[in-house]
Amino acid sequence: MNPAPSDPRDIAAALNAAGALVLVIDFDGTLSTIVRRPEDASLVDCAANAIARVASEIPVAISSGRGLDDLMARVGSDLPVIFIGGHGSIVRQRDGAVTELVDTLPASEALDELALQLQRIVADRDGWQIERKPTSIAAHYRRADDSITAAVLPEVRATMRDHQARPPGFELLDGKSVVELRARAADKGRALSHLMRQFPGRIPVAIGDDVTDEDAFAAAVDLSGFGVIVGPATHPTHATWRLDNPAAVVTLLDALEAEQATSSTRWDNAVGTQPVPPAPRGT
């Protein structure tokens, strides 16, 4: 399923009619435009204000493959939201309480060794960048010439594939000008399911732009919720709707805030700020 682009105001009206919501929003490519270097990513214009306003009406979580500290620094730790880092491996509540959903230590040795191997492969290749995340390694090639990519990408992918079977087990993912090896236990969908235990009776809405968000879309749909994919749908998606770009996400948040401000499903901010125990690991 590859949905056509929708007007964000139409999506907001449909979501408001669906009932009480929880928003789980990706960062890179969703609240930030895709940039040539991942360290340059920042919120698009007006996103911070839109998030703050809608979070007064609806529980909001910001999710990313980035580490928790990195994500909070880019989004703003003062925003009244839940932060989910490391592809769903760790959750920080609005009150600052932190819950680790995945033990990242078993993956660290394999990822550290892989990082060294990949750095050697791309050391003299212009435009390639290796990004070490808490539960994954991403090899970015957005800035590389096509001829360099054609020569390097097969070796990078093969090197990652050699590590897939190492404990605790990894998954190879091809995204938008990036290939990533991620620990199987780290899953945005599992994190979304965990989060929804905190908000019984509410409907999850996952918003993201890339293949790593598909787990969250699928988990949301399984819980009678919705997925919204941002940008071109370059892969089959579980998303219900599609938005053109991060600016349209901001419009959606503004429209949802306006809809929810007069709705009977407004959120009591005193509810849902405490973490719930994680499910046993490996389940």
# chains A, B, ... in the order shown; residues from 1 in each chain; ligands from 1
>>> residues_around(residues="segment 12-16 of chain A", least_positions_apart="2", cutoff="10 Å", atoms="only C-alpha atoms", output="list of chain:residue names")
A:Asp7, A:Pro8, A:Arg9, A:Asp10, A:Ala18, A:Gly19, A:Ala20, A:Leu21, A:Ile203, A:Val205, A:Gly225, A:Phe226, A:Thr251, A:Leu252, A:Leu253, A:Asp254, A:Ala255, A:Leu256, A:Glu257, A:Ala258, A:Glu259, A:Gln260, A:Ser263, A:Ser264, A:Thr265
>>> select_by_dssp(residues="segment 64-128 of chain A", states="strand (DSSP E or B)", output="VMD selection string")
chain A and resid 82 to 85 90 to 92 98 to 100
>>> closest_atom_pairs(of="segment 5-100 of chain A", to="segment 208-211 of chain A", cutoff="9 Å", atoms="only C-alpha atoms", output="JSON lines")
{"residue": "A:Val24", "atom": "CA", "partner": "A:Gly208", "partner_atom": "CA", "distance": 8.6}
{"residue": "A:Ile25", "atom": "CA", "partner": "A:Gly208", "partner_atom": "CA", "distance": 6.2}
{"residue": "A:Asp26", "atom": "CA", "partner": "A:Gly208", "partner_atom": "CA", "distance": 4.9}
{"residue": "A:Phe27", "atom": "CA", "partner": "A:Gly208", "partner_atom": "CA", "distance": 7.6}
{"residue": "A:Asp28", "atom": "CA", "partner": "A:Asp209", "partner_atom": "CA", "distance": 7.9}
{"residue": "A:Gly29", "atom": "CA", "partner": "A:Asp209", "partner_atom": "CA", "distance": 5.8}
{"residue": "A:Thr30", "atom": "CA", "partner": "A:Gly208", "partner_atom": "CA", "distance": 5.6}
{"residue": "A:Leu31", "atom": "CA", "partner": "A:Gly208", "partner_atom": "CA", "distance": 8.7}
>>> closest_atom_pairs(of="segment 124-214 of chain A", to="segment 76-98 of chain A", cutoff="6 Å", atoms="only C-alpha atoms", output="JSON lines")
{"residue": "A:Pro134", "atom": "CA", "partner": "A:Gly86", "partner_atom": "CA", "distance": 5.3}
{"residue": "A:Thr135", "atom": "CA", "partner": "A:Gly86", "partner_atom": "CA", "distance": 5.8}
{"residue": "A:Ala186", "atom": "CA", "partner": "A:Ser89", "partner_atom": "CA", "distance": 5.4}
{"residue": "A:Asp187", "atom": "CA", "partner": "A:Gly88", "partner_atom": "CA", "distance": 5.3}
{"residue": "A:Lys188", "atom": "CA", "partner": "A:Gly88", "partner_atom": "CA", "distance": 4.6}
{"residue": "A:Ala191", "atom": "CA", "partner": "A:Gly88", "partner_atom": "CA", "distance": 4.9}
>>> select_by_dssp(residues="segment 4-251 of chain A", states="helix (DSSP H, G or I)", output="PyMOL selection string")
chain A and resi 8-18+38-40+47-55+68-75+105-122+146-163+188-196+211-222+246-251
>>> residues_around(residues="His238 of chain A", least_positions_apart="5", cutoff="7 Å", atoms="only C-alpha atoms", output="number ranges by chain")
A: 1, 214, 217-218, 227
>>> atom_distance(atom1="atom CA of Ala219 of chain A", atom2="atom CA of Arg53 of chain A")
25.7 Å
>>> atom_distance(atom1="atom CA of Ala47 of chain A", atom2="atom CA of Leu68 of chain A")
18.9 Å
>>> residues_around(residues="segment 111-128 of chain A", least_positions_apart="2", cutoff="8 Å", atoms="only C-alpha atoms", output="PyMOL selection string")
chain A and resi 107-109+130+132+135-137+139-145+148+152+155-156+159-160+163
>>> write_last_selection(atoms="N, CA, C and O atoms", output="PDB file, in the first residue's frame")
ATOM      1  N   ALA A 107      24.882  -5.888  22.238  1.00  0.00           N
ATOM      2  CA  ALA A 107      25.144  -5.503  20.847  1.00  0.00           C
ATOM      3  C   ALA A 107      26.384  -4.639  20.700  1.00  0.00           C
ATOM      4  O   ALA A 107      26.904  -4.484  19.579  1.00  0.00           O
ATOM      5  N   SER A 108      26.871  -4.093  21.789  1.00  0.00           N
ATOM      6  CA  SER A 108      27.913  -3.077  21.702  1.00  0.00           C
ATOM      7  C   SER A 108      29.204  -3.593  21.070  1.00  0.00           C
ATOM      8  O   SER A 108      29.815  -2.919  20.227  1.00  0.00           O
ATOM      9  N   GLU A 109      29.658  -4.783  21.469  1.00  0.00           N
ATOM     10  CA  GLU A 109      30.922  -5.297  20.951  1.00  0.00           C
ATOM     11  C   GLU A 109      30.864  -5.478  19.440  1.00  0.00           C
ATOM     12  O   GLU A 109      31.777  -5.057  18.704  1.00  0.00           O
ATOM     13  N   ILE A 130      29.839   7.270   8.555  1.00  0.00           N
ATOM     14  CA  ILE A 130      29.403   6.189   9.445  1.00  0.00           C
ATOM     15  C   ILE A 130      28.887   6.811  10.746  1.00  0.00           C
ATOM     16  O   ILE A 130      29.580   7.611  11.375  1.00  0.00           O
ATOM     17  N   ARG A 132      27.421   5.861  14.453  1.00  0.00           N
ATOM     18  CA  ARG A 132      27.212   4.855  15.499  1.00  0.00           C
ATOM     19  C   ARG A 132      26.087   5.320  16.410  1.00  0.00           C
ATOM     20  O   ARG A 132      26.146   6.396  16.997  1.00  0.00           O
ATOM     21  N   THR A 135      21.916   1.328  19.306  1.00  0.00           N
ATOM     22  CA  THR A 135      21.596  -0.052  18.961  1.00  0.00           C
ATOM     23  C   THR A 135      21.787  -0.347  17.478  1.00  0.00           C
ATOM     24  O   THR A 135      21.290  -1.352  16.976  1.00  0.00           O
ATOM     25  N   SER A 136      22.511   0.511  16.783  1.00  0.00           N
ATOM     26  CA  SER A 136      22.673   0.308  15.342  1.00  0.00           C
ATOM     27  C   SER A 136      23.870   1.092  14.831  1.00  0.00           C
ATOM     28  O   SER A 136      24.442   1.922  15.533  1.00  0.00           O
ATOM     29  N   ILE A 137      24.211   0.803  13.570  1.00  0.00           N
ATOM     30  CA  ILE A 137      25.195   1.593  12.829  1.00  0.00           C
ATOM     31  C   ILE A 137      24.588   1.918  11.472  1.00  0.00           C
ATOM     32  O   ILE A 137      24.060   1.039  10.780  1.00  0.00           O
ATOM     33  N   ALA A 139      25.292   3.736   7.708  1.00  0.00           N
ATOM     34  CA  ALA A 139      26.256   4.225   6.725  1.00  0.00           C
ATOM     35  C   ALA A 139      25.508   5.140   5.755  1.00  0.00           C
ATOM     36  O   ALA A 139      24.675   4.680   4.967  1.00  0.00           O
ATOM     37  N   HIS A 140      25.788   6.437   5.833  1.00  0.00           N
ATOM     38  CA  HIS A 140      25.095   7.441   5.022  1.00  0.00           C
ATOM     39  C   HIS A 140      25.893   7.719   3.748  1.00  0.00           C
ATOM     40  O   HIS A 140      27.111   7.866   3.792  1.00  0.00           O
ATOM     41  N   TYR A 141      25.187   7.843   2.633  1.00  0.00           N
ATOM     42  CA  TYR A 141      25.870   8.156   1.379  1.00  0.00           C
ATOM     43  C   TYR A 141      25.142   9.211   0.559  1.00  0.00           C
ATOM     44  O   TYR A 141      25.318   9.318  -0.657  1.00  0.00           O
ATOM     45  N   ARG A 142      24.369  10.048   1.228  1.00  0.00           N
ATOM     46  CA  ARG A 142      23.632  11.112   0.538  1.00  0.00           C
ATOM     47  C   ARG A 142      24.570  12.083  -0.170  1.00  0.00           C
ATOM     48  O   ARG A 142      24.234  12.648  -1.216  1.00  0.00           O
ATOM     49  N   ARG A 143      25.766  12.310   0.401  1.00  0.00           N
ATOM     50  CA  ARG A 143      26.700  13.287  -0.175  1.00  0.00           C
ATOM     51  C   ARG A 143      27.669  12.663  -1.178  1.00  0.00           C
ATOM     52  O   ARG A 143      28.511  13.351  -1.736  1.00  0.00           O
ATOM     53  N   ALA A 144      27.565  11.353  -1.393  1.00  0.00           N
ATOM     54  CA  ALA A 144      28.519  10.662  -2.270  1.00  0.00           C
ATOM     55  C   ALA A 144      28.064  10.690  -3.726  1.00  0.00           C
ATOM     56  O   ALA A 144      26.873  10.629  -4.016  1.00  0.00           O
ATOM     57  N   ASP A 145      29.027  10.761  -4.619  1.00  0.00           N
ATOM     58  CA  ASP A 145      28.714  10.646  -6.049  1.00  0.00           C
ATOM     59  C   ASP A 145      28.194   9.240  -6.343  1.00  0.00           C
ATOM     60  O   ASP A 145      28.556   8.265  -5.678  1.00  0.00           O
ATOM     61  N   ILE A 148      30.885   6.595  -6.820  1.00  0.00           N
ATOM     62  CA  ILE A 148      31.499   6.132  -5.574  1.00  0.00           C
ATOM     63  C   ILE A 148      30.541   5.200  -4.829  1.00  0.00           C
ATOM     64  O   ILE A 148      30.938   4.161  -4.312  1.00  0.00           O
ATOM     65  N   VAL A 152      31.146   1.375  -3.463  1.00  0.00           N
ATOM     66  CA  VAL A 152      31.294   1.169  -2.022  1.00  0.00           C
ATOM     67  C   VAL A 152      30.104   0.445  -1.399  1.00  0.00           C
ATOM     68  O   VAL A 152      30.277  -0.394  -0.495  1.00  0.00           O
ATOM     69  N   GLU A 155      30.130  -3.385  -0.787  1.00  0.00           N
ATOM     70  CA  GLU A 155      31.067  -3.817   0.252  1.00  0.00           C
ATOM     71  C   GLU A 155      30.546  -3.466   1.641  1.00  0.00           C
ATOM     72  O   GLU A 155      30.676  -4.263   2.590  1.00  0.00           O
ATOM     73  N   VAL A 156      29.967  -2.292   1.772  1.00  0.00           N
ATOM     74  CA  VAL A 156      29.402  -1.891   3.069  1.00  0.00           C
ATOM     75  C   VAL A 156      28.271  -2.838   3.456  1.00  0.00           C
ATOM     76  O   VAL A 156      28.209  -3.326   4.595  1.00  0.00           O
ATOM     77  N   THR A 159      29.613  -6.269   4.435  1.00  0.00           N
ATOM     78  CA  THR A 159      30.261  -6.249   5.746  1.00  0.00           C
ATOM     79  C   THR A 159      29.218  -6.243   6.857  1.00  0.00           C
ATOM     80  O   THR A 159      29.364  -6.939   7.870  1.00  0.00           O
ATOM     81  N   MET A 160      28.164  -5.474   6.674  1.00  0.00           N
ATOM     82  CA  MET A 160      27.073  -5.479   7.656  1.00  0.00           C
ATOM     83  C   MET A 160      26.404  -6.849   7.717  1.00  0.00           C
ATOM     84  O   MET A 160      26.111  -7.366   8.801  1.00  0.00           O
ATOM     85  N   HIS A 163      27.794  -9.455   9.921  1.00  0.00           N
ATOM     86  CA  HIS A 163      27.583  -9.285  11.359  1.00  0.00           C
ATOM     87  C   HIS A 163      26.148  -9.625  11.795  1.00  0.00           C
ATOM     88  O   HIS A 163      25.864  -9.627  12.996  1.00  0.00           O
TER      89      HIS A 163
END
>>> residues_around(residues="Val228 of chain A", least_positions_apart="2", cutoff="6 Å", atoms="only C-alpha atoms", output="JSON, numbers by chain")
{"A": [207, 239, 240, 241, 242]}
>>> atom_distance(atom1="atom CA of Ser64 of chain A", atom2="atom CA of Asp222 of chain A")
20.7 Å
>>> closest_residue(among="A:Thr262, A:Pro232, A:Ala17, A:Val75", to="Ala52 of chain A", atoms="only C-alpha atoms")
A:Val75
>>> closest_residue(among="A:Ala206, A:Ala50, A:Ala216, A:Leu105", to="Val250 of chain A", atoms="only C-alpha atoms")
A:Ala50
>>> decode(residues="segment 13-136 of chain A", atoms="C-alpha atoms", output="compact mmCIF listing (two decimals), in the first residue's frame")
# COMPACT_ATOMS: atom_id res chain seq x y z
CA ALA A 13 -10.30 15.90 11.01
CA ALA A 14 -10.32 12.13 10.48
CA LEU A 15 -8.08 11.54 13.50
CA ASN A 16 -10.16 13.80 15.71
CA ALA A 17 -13.26 11.86 14.74
CA ALA A 18 -11.53 8.56 15.58
CA GLY A 19 -11.31 9.33 19.30
CA ALA A 20 -8.68 9.95 21.97
CA LEU A 21 -5.18 9.85 20.47
CA VAL A 22 -1.51 9.34 21.27
CA LEU A 23 1.05 10.71 18.78
CA VAL A 24 4.39 8.95 18.23
CA ILE A 25 6.47 11.09 15.89
CA ASP A 26 9.82 10.30 14.28
CA PHE A 27 12.49 13.02 14.17
CA ASP A 28 14.78 12.76 11.11
CA GLY A 29 12.85 13.32 7.90
CA THR A 30 9.62 13.93 9.83
CA LEU A 31 10.19 16.86 12.18
CA SER A 32 13.52 17.66 10.52
CA THR A 33 14.28 17.78 6.83
CA ILE A 34 16.73 15.18 5.55
CA VAL A 35 20.13 16.87 5.65
CA ARG A 36 23.43 15.94 4.06
CA ARG A 37 25.06 15.27 7.42
CA PRO A 38 23.06 13.77 10.34
CA GLU A 39 24.76 16.06 12.87
CA ASP A 40 23.20 19.08 11.11
CA ALA A 41 19.59 18.00 11.65
CA SER A 42 17.24 20.35 13.50
CA LEU A 43 13.52 20.96 13.86
CA VAL A 44 11.86 22.64 10.90
CA ASP A 45 10.40 26.11 11.36
CA CYS A 46 7.50 26.35 13.82
CA ALA A 47 7.78 22.66 14.80
CA ALA A 48 8.68 23.31 18.44
CA ASN A 49 5.68 25.58 18.99
CA ALA A 50 3.36 23.15 17.19
CA ILE A 51 4.59 20.24 19.31
CA ALA A 52 4.18 22.20 22.55
CA ARG A 53 0.64 23.24 21.67
CA VAL A 54 -0.60 19.84 20.55
CA ALA A 55 1.05 18.17 23.55
CA SER A 56 -1.28 20.16 25.79
CA GLU A 57 -4.19 18.37 24.12
CA ILE A 58 -2.75 14.95 23.16
CA PRO A 59 0.05 12.79 24.64
CA VAL A 60 3.08 13.12 22.33
CA ALA A 61 6.20 10.98 22.05
CA ILE A 62 9.20 11.84 19.85
CA SER A 63 10.96 8.70 18.61
CA SER A 64 14.31 8.22 16.86
CA GLY A 65 17.16 5.86 16.19
CA ARG A 66 19.40 8.52 17.72
CA GLY A 67 20.60 8.32 21.29
CA LEU A 68 18.35 9.85 23.91
CA ASP A 69 20.66 12.77 24.74
CA ASP A 70 21.21 13.58 21.07
CA LEU A 71 17.48 13.49 20.35
CA MET A 72 16.57 15.69 23.33
CA ALA A 73 19.24 18.24 22.42
CA ARG A 74 17.83 18.57 18.90
CA VAL A 75 14.14 18.63 19.83
CA GLY A 76 14.37 20.54 23.11
CA SER A 77 14.32 18.86 26.50
CA ASP A 78 11.87 21.48 27.80
CA LEU A 79 9.08 20.33 25.49
CA PRO A 80 6.30 18.45 27.35
CA VAL A 81 6.78 15.18 25.47
CA ILE A 82 7.99 11.63 25.99
CA PHE A 83 11.30 10.83 24.28
CA ILE A 84 12.06 7.41 22.77
CA GLY A 85 15.68 6.85 21.67
CA GLY A 86 17.82 4.13 20.16
CA HIS A 87 15.12 2.72 17.86
CA GLY A 88 12.82 2.13 20.80
CA SER A 89 15.42 0.88 23.26
CA ILE A 90 14.95 3.61 25.89
CA VAL A 91 12.06 5.83 27.00
CA ARG A 92 12.21 9.09 28.94
CA GLN A 93 8.95 10.22 30.49
CA ARG A 94 7.79 13.81 30.79
CA ASP A 95 8.81 13.81 34.46
CA GLY A 96 12.34 12.63 33.59
CA ALA A 97 11.95 8.98 34.58
CA VAL A 98 13.87 6.68 32.23
CA THR A 99 13.03 3.07 31.33
CA GLU A 100 15.37 0.85 29.31
CA LEU A 101 13.35 -1.49 27.11
CA VAL A 102 16.41 -3.13 25.54
CA ASP A 103 19.76 -4.05 27.04
CA THR A 104 22.18 -2.40 24.62
CA LEU A 105 25.35 -3.98 26.04
CA PRO A 106 25.10 -7.34 24.17
CA ALA A 107 25.14 -5.50 20.85
CA SER A 108 27.91 -3.08 21.70
CA GLU A 109 30.92 -5.30 20.95
CA ALA A 110 29.66 -6.31 17.52
CA LEU A 111 28.67 -2.74 16.64
CA ASP A 112 32.00 -1.32 17.78
CA GLU A 113 33.90 -3.85 15.66
CA LEU A 114 31.65 -3.17 12.69
CA ALA A 115 32.17 0.58 13.06
CA LEU A 116 35.93 0.13 12.76
CA GLN A 117 35.58 -2.06 9.67
CA LEU A 118 33.19 0.36 7.98
CA GLN A 119 35.40 3.33 8.78
CA ARG A 120 38.28 1.60 7.01
CA ILE A 121 36.09 0.91 3.97
CA VAL A 122 34.89 4.51 3.59
CA ALA A 123 38.00 6.31 4.87
CA ASP A 124 39.03 7.66 1.47
CA ARG A 125 35.55 7.73 -0.08
CA ASP A 126 34.15 11.24 -0.32
CA GLY A 127 30.58 11.70 0.84
CA TRP A 128 30.31 8.56 2.98
CA GLN A 129 29.69 8.84 6.73
CA ILE A 130 29.40 6.19 9.44
CA GLU A 131 27.06 6.97 12.34
CA ARG A 132 27.21 4.85 15.50
CA LYS A 133 23.90 4.82 17.37
CA PRO A 134 23.02 3.06 20.64
CA THR A 135 21.60 -0.05 18.96
CA SER A 136 22.67 0.31 15.34
